[in-house]
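Trainee: First the structure, then my questions, so here it is.
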Amino acid sequence: MKITDLNGKNVCILGFGREGRATLTALKHFAPNSRITIADRNPISDIDPTIPSQTGPNYVDDLPSYDIIIKSPGVIWQPPPAVAAKVTNATELFLNSLPTGAITIGITGTKGKSSTASLIYHIILSHRSHTYLAGNIGQPMLDLLPNAKPNSVYVLELSSAQLADLTTSPQIAVVTSFFPDHADYHGSLENYFEAKTHIARYQTTNDVIFFNGDSQDCRRLAKLSPGKQLGFSGDSAAHSNIAAARAVATYLGIPDAAIDTAITTAPNLPHRQQSLGIHHGIEWVDDSAATTPQSTLAALSALAGRVDTLIVGGLDRNYDFTELASQIVASKISNLIIFPDTGPDIQRAIESLQPSRSLQYFETSAMTEAVVYAAKHTAEGKICLLSSGAPSYNLYKNFDERGDAFGQAVATLEN
């Protein structure tokens, strides 16, 4: 379905966050005769008062009456069978509405998708104009549709929530990693994996999928694509992201020399093993984007032997911390600062291993307290690493806010 097909239809925008607002703007442009209603659990006060809205706890009750429901990825709602055929999403509308000749590159993965998408975008943009980055990483895709051209390239970071209702796949797909996550949204690991498969399932034989060959689940997912299947590998998370980006760029015909130059000039994304500099003789590293145990494992591997203080803990999603606990012991970390809710779980997992050396624990829910403690106890020349191994939502709006709080607390030390 193209967005122009909605002209004259009775359309409901389900969820009115950033993507829902972009959908409203796109509908006004491409389907000006559509009849639009907005449905959201929260009150809506900053839109044209002539646009009907339904809000509150029963905001999904009237959905069967609409011709089309455009569901935003943040909405947790399972449509009944009689309504499922009416449901689409902004990602699908964007992919189906692009002019012939435009190239779409979709990147997904439990971790690594933002860094990989950003790097792919930077490499391609350094070689050709009319290249755009959108999706889960920031700008809504539909914002780009009015100026879409046949020679444009669209690099799209796709979350599992954006993929869940998708029945169109990008021409070039990239799968960086897969491990358990987002059970609160999808309901089960099987549903989460199924959502991720939609980046591959609906490709054609002319399409291609790049996948992390070191991951059995990524290999299994890639086999669902009817297109060409190309694996990549790296000896660390960062190297894996570079390997994926290099593979895509090479496939697009970008010369090796141009790829190498672009990689060396690519900006680092914030909150992803981001060094905040040396203060009080300690290097402070912000890895707040590490919202799973596997991400913290990757950070400890990348910074092997240099971390003396580790800050962990966050929202409880029933993760298994056994492997992380083992790595913390092996890394010879001296101080573990534990945040609720999962910090104590990580401590118990470590203590169950009965490590032969002492490890100091400090429990807090205040980032300023954590940083002050780290400044006093971290060995000079070593690293204090914020890499929580869990989501931030129990204490912060998102991992960006948590990382910003860490950075502000470190800056306060200097003042």
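Labels used: A, B, ... for chains in the order of the structure tokens, numbers from 1 for residues in each chain, and numbers from 1 for ligands as shown.
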Find the residues around Thr167 in chain A up to 9 Å (only C-alpha atoms counted), leave out those fewer than 2 positions away in its own chain, and share them as a CSV table (one decimal) with N, CA, C and O atoms, in the first residue's frame.
Mentor:
```
chain,number,residue,atom,x,y,z
A,88,THR,N,-1.5,-1.0,9.1
A,88,THR,CA,-0.3,-0.8,8.4
A,88,THR,C,0.6,0.1,9.4
A,88,THR,O,0.2,0.3,10.5
A,92,GLU,N,6.1,0.8,6.5
A,92,GLU,CA,5.6,0.2,5.3
A,92,GLU,C,5.1,1.2,4.2
A,92,GLU,O,5.4,1.0,3.0
A,163,LEU,N,9.5,-3.3,12.8
A,163,LEU,CA,9.5,-4.4,11.9
A,163,LEU,C,8.3,-5.3,12.2
A,163,LEU,O,7.9,-6.1,11.3
A,164,ALA,N,7.7,-5.3,13.3
A,164,ALA,CA,6.7,-6.3,13.8
A,164,ALA,C,5.5,-6.4,12.8
A,164,ALA,O,5.0,-7.5,12.5
A,165,ASP,N,5.0,-5.2,12.3
A,165,ASP,CA,3.9,-5.2,11.4
A,165,ASP,C,4.2,-5.1,10.0
A,165,ASP,O,3.3,-4.8,9.1
A,169,SER,N,10.1,-5.6,2.8
A,169,SER,CA,11.4,-5.6,3.3
A,169,SER,C,12.3,-4.7,2.5
A,169,SER,O,12.0,-4.5,1.3
A,198,HIS,N,11.1,-10.0,9.7
A,198,HIS,CA,10.4,-9.2,8.7
A,198,HIS,C,11.4,-8.4,7.8
A,198,HIS,O,11.0,-7.9,6.8
A,199,ILE,N,12.6,-8.2,8.3
A,199,ILE,CA,13.5,-7.4,7.5
A,199,ILE,C,14.0,-8.3,6.3
A,199,ILE,O,14.5,-7.8,5.3
A,201,ARG,N,12.1,-11.5,5.3
A,201,ARG,CA,11.0,-12.4,4.8
A,201,ARG,C,10.5,-11.9,3.4
A,201,ARG,O,10.1,-12.7,2.6
A,202,TYR,N,10.3,-10.6,3.3
A,202,TYR,CA,9.6,-10.0,2.2
A,202,TYR,C,10.5,-9.5,1.1
A,202,TYR,O,10.1,-8.7,0.3
```
Trainee: Set the distance at 9 Å and use only C-alpha atoms: which residues neighbour Phe339 in chain A once local chain neighbours fewer than 4 positions away are removed? I'd like the list as a VMD selection string.
Mentor: chain A and resid 311 to 314 343 to 344 362 to 367 370 388
Trainee: Now that the selection is made, can you save its residues with N, CA and C atoms as a tab-separated table (two decimals), in the first residue's frame?
Mentor:
```tsv
chain	number	residue	atom	x	y	z
A	311	ILE	N	29.93	0.53	36.56
A	311	ILE	CA	28.60	0.91	37.03
A	311	ILE	C	27.58	0.09	36.26
A	312	VAL	N	26.76	-0.69	36.99
A	312	VAL	CA	25.80	-1.59	36.35
A	312	VAL	C	24.43	-1.45	37.01
A	313	GLY	N	23.44	-2.04	36.36
A	313	GLY	CA	22.11	-2.14	36.94
A	313	GLY	C	21.10	-1.23	36.28
A	314	GLY	N	19.86	-1.69	36.21
A	314	GLY	CA	18.77	-0.93	35.60
A	314	GLY	C	17.48	-1.72	35.68
A	343	GLY	N	21.13	-4.37	39.71
A	343	GLY	CA	22.48	-4.36	40.28
A	343	GLY	C	22.69	-5.42	41.34
A	344	PRO	N	21.78	-5.55	42.32
A	344	PRO	CA	21.94	-6.61	43.32
A	344	PRO	C	21.93	-8.01	42.71
A	362	PHE	N	29.24	-0.87	45.90
A	362	PHE	CA	28.61	0.36	46.38
A	362	PHE	C	27.24	0.45	45.72
A	363	GLU	N	26.20	0.44	46.54
A	363	GLU	CA	24.83	0.47	46.01
A	363	GLU	C	24.26	1.88	46.13
A	364	THR	N	23.66	2.35	45.05
A	364	THR	CA	23.07	3.69	45.04
A	364	THR	C	22.05	3.78	43.92
A	365	SER	N	21.22	4.81	43.97
A	365	SER	CA	20.31	5.11	42.86
A	365	SER	C	20.56	6.52	42.34
A	366	ALA	N	21.63	7.15	42.81
A	366	ALA	CA	21.96	8.52	42.42
A	366	ALA	C	23.27	8.54	41.64
A	367	MET	N	23.24	9.05	40.43
A	367	MET	CA	24.44	9.05	39.59
A	367	MET	C	25.55	9.90	40.19
A	370	ALA	N	27.35	7.87	42.66
A	370	ALA	CA	28.15	6.84	41.99
A	370	ALA	C	29.47	7.41	41.49
A	388	SER	N	25.57	-0.42	31.84
A	388	SER	CA	24.61	-0.91	32.84
A	388	SER	C	24.15	-2.34	32.64
```
Trainee: Extract, using only C-alpha atoms, all DNA, RNA and protein residues at most 9 Å from Ala243 in chain A, discarding same-chain residues fewer than 4 positions from it, and format them as a PDB file with N, CA, C and O atoms, in the first residue's frame.
Mentor:
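The resulting around13.pdb:
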```pdb
ATOM      1  N   PHE A 232      29.132 -11.578   7.429  1.00  0.00           N
ATOM      2  CA  PHE A 232      30.301 -10.795   7.811  1.00  0.00           C
ATOM      3  C   PHE A 232      30.705 -11.229   9.209  1.00  0.00           C
ATOM      4  O   PHE A 232      29.947 -11.895   9.923  1.00  0.00           O
ATOM      5  N   SER A 233      31.904 -10.852   9.639  1.00  0.00           N
ATOM      6  CA  SER A 233      32.401 -11.284  10.940  1.00  0.00           C
ATOM      7  C   SER A 233      33.354 -10.238  11.497  1.00  0.00           C
ATOM      8  O   SER A 233      33.943  -9.452  10.750  1.00  0.00           O
ATOM      9  N   GLY A 234      33.472 -10.217  12.825  1.00  0.00           N
ATOM     10  CA  GLY A 234      34.407  -9.312  13.478  1.00  0.00           C
ATOM     11  C   GLY A 234      34.782  -9.871  14.830  1.00  0.00           C
ATOM     12  O   GLY A 234      33.986 -10.562  15.472  1.00  0.00           O
ATOM     13  N   ALA A 238      32.649  -3.631  17.887  1.00  0.00           N
ATOM     14  CA  ALA A 238      33.008  -2.506  17.028  1.00  0.00           C
ATOM     15  C   ALA A 238      33.495  -2.990  15.672  1.00  0.00           C
ATOM     16  O   ALA A 238      33.116  -2.452  14.620  1.00  0.00           O
ATOM     17  N   HIS A 239      34.333  -4.014  15.676  1.00  0.00           N
ATOM     18  CA  HIS A 239      34.851  -4.541  14.413  1.00  0.00           C
ATOM     19  C   HIS A 239      33.744  -5.180  13.593  1.00  0.00           C
ATOM     20  O   HIS A 239      33.759  -5.119  12.358  1.00  0.00           O
ATOM     21  N   ALA A 247      31.045  -4.255   4.124  1.00  0.00           N
ATOM     22  CA  ALA A 247      30.434  -5.199   3.189  1.00  0.00           C
ATOM     23  C   ALA A 247      29.345  -4.526   2.359  1.00  0.00           C
ATOM     24  O   ALA A 247      29.255  -4.732   1.139  1.00  0.00           O
ATOM     25  N   VAL A 248      28.524  -3.718   2.999  1.00  0.00           N
ATOM     26  CA  VAL A 248      27.452  -3.014   2.283  1.00  0.00           C
ATOM     27  C   VAL A 248      28.038  -2.010   1.298  1.00  0.00           C
ATOM     28  O   VAL A 248      27.596  -1.925   0.135  1.00  0.00           O
TER      29      VAL A 248
END
```
Trainee: Could you give me, as a ChimeraX atom specification, each residue of range 69-148 of chain A that DSSP assigns to helix (DSSP H, G or I) when run on this structure's backbone?
Mentor: /A:81-84,90-97,113-127,141-147
Trainee: Just the number, please: distance in Å from CA of Asp40 in chain A to CA of Leu14 in chain A, one decimal.
Mentor: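 CA of Asp40 in chain A sits 6.2 Å away from CA of Leu14 in chain A.
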Trainee: What is the CA of Ala299 in chain A-CA of Arg402 in chain A distance in Å, reported with one decimal?
Mentor: 17.0 Å
Trainee: If we count only C-alpha atoms and set the cut-off at 9 Å, which residues sit around Thr104 in chain A, ignoring sequence neighbours fewer than 2 positions away in its own chain? Please answer as a count of residues only.
Mentor: 13
Trainee: In terms of the shortest atom-to-atom distance over only C-alpha atoms, which of A:Trp77, A:Tyr185, A:Tyr59, A:Tyr121 is closest to Pro267 in chain A?
Mentor: A:Tyr121
Trainee: As an MDAnalysis selection string, list the residues of range 26-270 of chain A assigned to strand (DSSP E or B) by DSSP on the backbone atoms of this structure.
Mentor: chainID A and resid 35:40 53:55 68:71 87:88 103:108 131:135 153:157 172:175 208:212 228:232
Trainee: Identify, on the basis of only C-alpha atoms, every residue whose closest approach to Glu19 in chain A does not exceed 12 Å; exclude the query and any residue fewer than 5 positions from it along the same chain; express the result as a PyMOL selection string.
Mentor: chain A and resi 13-14+24-26+70-75+89-91+94+134-143+162
Trainee: Report as a list in words all protein, DNA and RNA residues lying within 6 Å of range 116-119 of chain A, evaluated on only C-alpha atoms, omitting residues in the same chain fewer than 4 positions from it.
Mentor: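 Final neighbour list, sorted by chain and number: Gly112, Glu157 and Asn241 of chain A.
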Trainee: Let me see the file: selected residues, all heavy atoms, as a compact mmCIF listing (two decimals), in the first residue's frame.
Mentor:
```
# COMPACT_ATOMS: atom_id res chain seq x y z
N GLY A 112 24.01 -2.85 18.13
CA GLY A 112 24.88 -2.54 17.00
C GLY A 112 24.19 -1.88 15.84
O GLY A 112 24.84 -1.40 14.92
N GLU A 157 17.56 2.68 10.25
CA GLU A 157 17.66 1.84 11.44
C GLU A 157 16.25 1.38 11.81
O GLU A 157 15.35 2.20 12.00
CB GLU A 157 18.27 2.59 12.62
CG GLU A 157 18.42 1.67 13.84
CD GLU A 157 18.75 2.41 15.12
OE1 GLU A 157 19.35 3.49 15.05
OE2 GLU A 157 18.40 1.89 16.20
N ASN A 241 30.61 -4.16 13.52
CA ASN A 241 29.89 -3.05 12.90
C ASN A 241 30.63 -2.54 11.67
O ASN A 241 30.03 -2.25 10.63
CB ASN A 241 29.71 -1.92 13.91
CG ASN A 241 28.86 -2.31 15.09
OD1 ASN A 241 28.11 -3.28 15.04
ND2 ASN A 241 28.98 -1.57 16.18
```
Trainee: Could you work out how far CA of Gln229 in chain A lies from CA of Asn212 in chain A, giving the answer in Å with one decimal?
Mentor: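 Atom-to-atom, CA of Asn212 in chain A to CA of Gln229 in chain A, that is 10.7 Å.
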Trainee: Here is a test: counting only C-alpha atoms, which residue of A:Leu166, A:Leu93, A:Ala289, A:Leu144 is nearest to Ser115 in chain A?
Mentor: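 Checking each of A:Leu166, A:Leu93, A:Ala289, A:Leu144 against Ser115 in chain A, counting only C-alpha atoms, the winner is A:Ala289.
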Trainee: A:Pro81, A:Ser331, A:Ala183, A:Thr197: which is nearest Leu297 in chain A, counting only C-alpha atoms?
Mentor: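 Of the candidates, the smallest distance to Leu297 in chain A is held by A:Ser331.
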